[in-house]
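Text of coords-v2.cif, listed as mmCIF, C-alpha atoms, pLDDT in the B column; chains and numbers go by the auth columns:
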```cif
data_structure
#
loop_
_atom_site.group_PDB
_atom_site.id
_atom_site.type_symbol
_atom_site.label_atom_id
_atom_site.label_comp_id
_atom_site.label_asym_id
_atom_site.label_seq_id
_atom_site.Cartn_x
_atom_site.Cartn_y
_atom_site.Cartn_z
_atom_site.B_iso_or_equiv
_atom_site.auth_seq_id
_atom_site.auth_asym_id
ATOM 1 C CA MET A 1 0.000 0.000 0.000 58.00 833 V
ATOM 2 C CA ALA A 2 2.859 2.399 0.699 84.00 834 V
ATOM 3 C CA LYS A 3 3.910 2.433 -2.962 83.00 835 V
ATOM 4 C CA ALA A 4 0.335 3.095 -4.082 82.00 836 V
ATOM 5 C CA ASP A 5 0.111 5.981 -1.620 88.00 837 V
ATOM 6 C CA ARG A 6 3.406 7.442 -2.861 91.00 838 V
ATOM 7 C CA LEU A 7 2.240 7.193 -6.459 91.00 839 V
ATOM 8 C CA GLU A 8 -1.061 8.843 -5.580 94.00 840 V
ATOM 9 C CA GLN A 9 0.769 11.696 -3.831 96.00 841 V
ATOM 10 C CA LEU A 10 3.120 12.038 -6.791 96.00 842 V
ATOM 11 C CA ASP A 11 0.171 12.214 -9.183 96.00 843 V
ATOM 12 C CA LEU A 12 -1.505 14.888 -7.060 97.00 844 V
ATOM 13 C CA ARG A 13 1.720 16.898 -7.074 97.00 845 V
ATOM 14 C CA ARG A 14 1.962 16.488 -10.856 97.00 846 V
ATOM 15 C CA VAL A 15 -1.565 17.836 -11.299 97.00 847 V
ATOM 16 C CA GLU A 16 -0.740 20.809 -9.055 98.00 848 V
ATOM 17 C CA ASP A 17 2.470 21.547 -10.958 98.00 849 V
ATOM 18 C CA GLU A 18 0.707 21.301 -14.317 97.00 850 V
ATOM 19 C CA GLN A 19 -1.889 23.788 -13.076 97.00 851 V
ATOM 20 C CA GLU A 20 0.899 26.086 -11.852 98.00 852 V
ATOM 21 C CA TYR A 21 2.556 25.805 -15.273 98.00 853 V
ATOM 22 C CA ARG A 22 -0.674 26.741 -17.038 97.00 854 V
ATOM 23 C CA THR A 23 -1.317 29.642 -14.640 97.00 855 V
ATOM 24 C CA THR A 24 2.210 30.977 -15.157 98.00 856 V
ATOM 25 C CA LEU A 25 1.917 30.607 -18.926 98.00 857 V
ATOM 26 C CA VAL A 26 -1.503 32.282 -19.038 98.00 858 V
ATOM 27 C CA THR A 27 -0.218 35.226 -16.985 97.00 859 V
ATOM 28 C CA ALA A 28 2.732 35.642 -19.354 97.00 860 V
ATOM 29 C CA LEU A 29 0.456 35.320 -22.390 98.00 861 V
ATOM 30 C CA GLU A 30 -1.917 37.936 -21.001 98.00 862 V
ATOM 31 C CA ASP A 31 1.011 40.353 -20.522 96.00 863 V
ATOM 32 C CA CYS A 32 2.130 39.667 -24.067 96.00 864 V
ATOM 33 C CA ALA A 33 -1.395 40.092 -25.447 96.00 865 V
ATOM 34 C CA ARG A 34 -1.480 43.537 -23.812 97.00 866 V
ATOM 35 C CA GLY A 35 1.585 44.516 -25.837 93.00 867 V
ATOM 36 C CA ARG A 36 4.584 43.327 -23.842 92.00 868 V
ATOM 37 C CA TRP A 37 6.806 41.723 -26.464 92.00 869 V
ATOM 38 C CA GLY A 38 9.508 39.141 -25.820 94.00 870 V
ATOM 39 C CA LEU A 39 7.662 36.009 -24.747 96.00 871 V
ATOM 40 C CA PHE A 40 7.828 34.437 -28.196 95.00 872 V
ATOM 41 C CA GLY A 41 11.297 35.738 -29.008 92.00 873 V
ATOM 42 C CA HIS A 42 10.372 37.260 -32.356 90.00 874 V
ATOM 43 C CA THR A 43 13.064 39.899 -31.997 82.00 875 V
ATOM 44 C CA LYS A 44 16.631 39.843 -30.765 83.00 876 V
ATOM 45 C CA ASP A 45 16.072 42.750 -28.379 86.00 877 V
ATOM 46 C CA ARG A 46 18.152 41.968 -25.298 91.00 878 V
ATOM 47 C CA GLN A 47 16.023 44.086 -22.972 92.00 879 V
ATOM 48 C CA MET A 48 12.876 42.213 -23.971 89.00 880 V
ATOM 49 C CA ALA A 49 14.660 38.901 -23.568 89.00 881 V
ATOM 50 C CA ALA A 50 15.907 39.882 -20.122 92.00 882 V
ATOM 51 C CA LYS A 51 12.407 40.845 -18.993 92.00 883 V
ATOM 52 C CA VAL A 52 10.873 37.499 -19.930 95.00 884 V
ATOM 53 C CA ALA A 53 13.851 35.321 -18.981 95.00 885 V
ATOM 54 C CA PRO A 54 12.623 34.664 -15.403 97.00 886 V
ATOM 55 C CA VAL A 55 9.228 33.507 -16.670 97.00 887 V
ATOM 56 C CA LEU A 56 10.796 31.263 -19.300 97.00 888 V
ATOM 57 C CA GLU A 57 13.141 29.802 -16.691 98.00 889 V
ATOM 58 C CA GLU A 58 10.218 29.128 -14.347 98.00 890 V
ATOM 59 C CA LEU A 59 8.292 27.406 -17.145 98.00 891 V
ATOM 60 C CA ASP A 60 11.361 25.299 -18.030 98.00 892 V
ATOM 61 C CA ASP A 61 11.840 24.276 -14.383 98.00 893 V
ATOM 62 C CA LEU A 62 8.175 23.385 -13.918 98.00 894 V
ATOM 63 C CA ALA A 63 8.098 21.402 -17.166 98.00 895 V
ATOM 64 C CA ALA A 64 11.236 19.448 -16.216 98.00 896 V
ATOM 65 C CA GLY A 65 9.717 18.506 -12.866 97.00 897 V
ATOM 66 C CA ILE A 66 6.421 17.572 -14.477 98.00 898 V
ATOM 67 C CA ASP A 67 8.168 15.340 -17.001 97.00 899 V
ATOM 68 C CA ARG A 68 10.140 13.615 -14.226 97.00 900 V
ATOM 69 C CA MET A 69 6.918 12.899 -12.344 97.00 901 V
ATOM 70 C CA ARG A 70 5.161 11.722 -15.495 97.00 902 V
ATOM 71 C CA GLY A 71 8.072 9.386 -16.185 96.00 903 V
ATOM 72 C CA GLN A 72 7.835 7.918 -12.695 95.00 904 V
ATOM 73 C CA LEU A 73 4.095 7.473 -13.170 94.00 905 V
ATOM 74 C CA GLY A 74 4.535 5.858 -16.578 95.00 906 V
ATOM 75 C CA ILE A 75 2.509 8.454 -18.474 95.00 907 V
ATOM 76 C CA GLU A 76 3.351 10.397 -21.616 96.00 908 V
ATOM 77 C CA PRO A 77 5.536 13.522 -21.405 95.00 909 V
ATOM 78 C CA PHE A 78 3.974 16.917 -20.776 96.00 910 V
ATOM 79 C CA ALA A 79 3.124 18.167 -24.279 96.00 911 V
ATOM 80 C CA LEU A 80 2.275 21.811 -23.580 97.00 912 V
ATOM 81 C CA HIS A 81 5.826 22.972 -22.888 97.00 913 V
ATOM 82 C CA PRO A 82 7.416 21.594 -26.086 97.00 914 V
ATOM 83 C CA GLU A 83 4.516 23.084 -28.061 97.00 915 V
ATOM 84 C CA PHE A 84 5.139 26.470 -26.458 97.00 916 V
ATOM 85 C CA LEU A 85 8.878 26.246 -27.115 96.00 917 V
ATOM 86 C CA ALA A 86 8.205 25.351 -30.755 95.00 918 V
ATOM 87 C CA ALA A 87 6.112 28.520 -31.093 94.00 919 V
ATOM 88 C CA ARG A 88 9.025 30.670 -29.936 94.00 920 V
ATOM 89 C CA GLY A 89 11.823 32.048 -32.072 89.00 921 V
ATOM 90 C CA LYS A 90 12.469 34.435 -34.884 84.00 922 V
ATOM 91 C CA ALA A 91 9.414 34.904 -37.046 81.00 923 V
ATOM 92 C CA ASP A 92 9.303 35.764 -40.706 82.00 924 V
ATOM 93 C CA ALA A 93 8.025 39.140 -41.860 77.00 925 V
ATOM 94 C CA SER A 94 4.529 37.866 -42.646 80.00 926 V
ATOM 95 C CA ALA A 95 3.972 36.263 -39.230 82.00 927 V
ATOM 96 C CA VAL A 96 1.520 37.766 -36.779 85.00 928 V
ATOM 97 C CA GLY A 97 2.958 39.843 -33.968 91.00 929 V
ATOM 98 C CA GLU A 98 3.536 38.474 -30.502 93.00 930 V
ATOM 99 C CA PRO A 99 0.373 40.052 -29.021 95.00 931 V
ATOM 100 C CA LYS A 100 -1.819 38.348 -31.633 95.00 932 V
ATOM 101 C CA GLN A 101 0.058 35.092 -31.184 95.00 933 V
ATOM 102 C CA ALA A 102 -0.475 35.343 -27.422 96.00 934 V
ATOM 103 C CA LYS A 103 -4.216 35.929 -27.913 97.00 935 V
ATOM 104 C CA ALA A 104 -4.422 32.840 -30.120 95.00 936 V
ATOM 105 C CA TRP A 105 -2.644 30.811 -27.443 97.00 937 V
ATOM 106 C CA LEU A 106 -5.016 32.112 -24.768 97.00 938 V
ATOM 107 C CA GLU A 107 -7.998 31.107 -26.893 96.00 939 V
ATOM 108 C CA ARG A 108 -6.510 27.653 -27.431 95.00 940 V
ATOM 109 C CA LEU A 109 -5.850 27.137 -23.726 96.00 941 V
ATOM 110 C CA ALA A 110 -9.392 28.264 -22.899 95.00 942 V
ATOM 111 C CA ARG A 111 -10.792 25.759 -25.411 94.00 943 V
ATOM 112 C CA ASP A 112 -8.605 22.988 -23.996 89.00 944 V
ATOM 113 C CA ALA A 113 -9.724 23.791 -20.445 87.00 945 V
ATOM 114 C CA ALA A 114 -13.384 23.644 -21.489 88.00 946 V
ATOM 115 C CA LYS A 115 -12.988 20.059 -22.749 80.00 947 V
#
```
Written form, structure tokens:
Amino acid sequence: MAKADRLEQLDLRRVEDEQEYRTTLVTALEDCARGRWGLFGHTKDRQMAAKVAPVLEELDDLAAGIDRMRGQLGIEPFALHPEFLAARGKADASAVGEPKQAKAWLERLARDAAK
């Protein structure tokens, strides 16, 4: 029974950390949607990068912990973080700006939460 209890506690912690990840991401996306650039790394502006670096580091740390827990529980890796990372980086000239991209992400997360 002790192992089952540990696994149950680990799963509860995983759920809490995934919620914390989503809350942190949503807060950052809301800031970006209001016009604070840097979250998606479309530009090479060092000041913008420095402002969002703590948030990105927190998301990386949370995602690493979540993936460790998921591995221990034998469930698939946490997909949201790699998807977010894939959306970051230099964008071509025809791409939407970061605020619009953030709004699209917020809409997607709201749809996912409603499921």
### Query
Which residue gives the smallest distance to V:Leu941 among V:Thr859, V:Gln904, V:Gln841, V:Thr875, with only C-alpha atoms counted?
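Among the listed residues, V:Thr859 lies closest to V:Leu941.
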### Nearest to V:Lys835, chosen from V:Lys932, V:Asp863, V:Leu905, V:Glu889, with all atoms listed in the file counted in the distances
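Of V:Lys932, V:Asp863, V:Leu905, V:Glu889, the one nearest V:Lys835 is V:Leu905, counting all atoms listed in the file.
Between V:Lys883 and the candidates V:Leu917, V:Ala860, V:Ala865, V:Ala895, the tightest atom-to-atom separation, counting all atoms listed in the file, involves V:Ala860.
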### Message
Measuring between only C-alpha atoms, which one of V:Gly903, V:Val858, V:Gln879, V:Pro909 shows the shortest distance to V:Leu842?
### Response
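Of all the options, V:Gly903 lies closest to V:Leu842.
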### Message
Please list as an MDAnalysis selection string every residue within 12 Å of V:Pro886, counting only C-alpha atoms and excluding residues in the same chain fewer than 3 positions away.
### Response
chainID V and resid 856:857 860 870:871 880:883 889:893
### Atomic distance atom CA of V:Glu862 - atom CA of V:Asp944, expressed in Å with one decimal
16.6 Å
### Query
What is the atom CA of V:Trp869-atom CA of V:Val847 distance in Å, reported with one decimal?
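Going from atom CA of V:Trp869 over to atom CA of V:Val847, I get 29.5 Å.
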### Message
If I take atom CA of V:Gly873 and atom CA of V:Ala919, how far is one from the other in Å, to one decimal?
### Response
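Atom CA of V:Gly873 sits 9.1 Å away from atom CA of V:Ala919.
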#### Entry: Nearest-residue call for V:Gly921, choices V:Gly906, V:Ala885, V:Phe872, V:Lys947, using only C-alpha atoms
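The closest residue to V:Gly921 is V:Phe872.
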### Query
Between V:Asp837, V:Glu848, V:Asp843, V:Asp899, which is the closest to V:Ala911 once you count only C-alpha atoms?
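Counting only C-alpha atoms, the residue closest to V:Ala911 is V:Asp899.
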### Task
Evaluate the PyMOL selection byres ((chain V and resi 931) around 7) on the structure here and hand back the selected residues as a VMD selection string.
chain V and resid 864 to 867 929 to 930 932 to 935
### 10 Å contact set for V:Glu850, all atoms listed in the file, chain neighbours under 2 positions out, as a PyMOL selection string
chain V and resi 844-848+852-856+894-895+897-899+910+912
Just to be explicit: take each residue in the selection above, keep C-alpha atoms, and write the result as a PDB file, in the frame of the given file.
```
ATOM      1  CA  LEU V 844      -1.505  14.888  -7.060  1.00 97.00           C
ATOM      2  CA  ARG V 845       1.720  16.898  -7.074  1.00 97.00           C
ATOM      3  CA  ARG V 846       1.962  16.488 -10.856  1.00 97.00           C
ATOM      4  CA  VAL V 847      -1.565  17.836 -11.299  1.00 97.00           C
ATOM      5  CA  GLU V 848      -0.740  20.809  -9.055  1.00 98.00           C
ATOM      6  CA  GLU V 852       0.899  26.086 -11.852  1.00 98.00           C
ATOM      7  CA  TYR V 853       2.556  25.805 -15.273  1.00 98.00           C
ATOM      8  CA  ARG V 854      -0.674  26.741 -17.038  1.00 97.00           C
ATOM      9  CA  THR V 855      -1.317  29.642 -14.640  1.00 97.00           C
ATOM     10  CA  THR V 856       2.210  30.977 -15.157  1.00 98.00           C
ATOM     11  CA  LEU V 894       8.175  23.385 -13.918  1.00 98.00           C
ATOM     12  CA  ALA V 895       8.098  21.402 -17.166  1.00 98.00           C
ATOM     13  CA  GLY V 897       9.717  18.506 -12.866  1.00 97.00           C
ATOM     14  CA  ILE V 898       6.421  17.572 -14.477  1.00 98.00           C
ATOM     15  CA  ASP V 899       8.168  15.340 -17.001  1.00 97.00           C
ATOM     16  CA  PHE V 910       3.974  16.917 -20.776  1.00 96.00           C
ATOM     17  CA  LEU V 912       2.275  21.811 -23.580  1.00 97.00           C
TER      18      LEU V 912
END
```
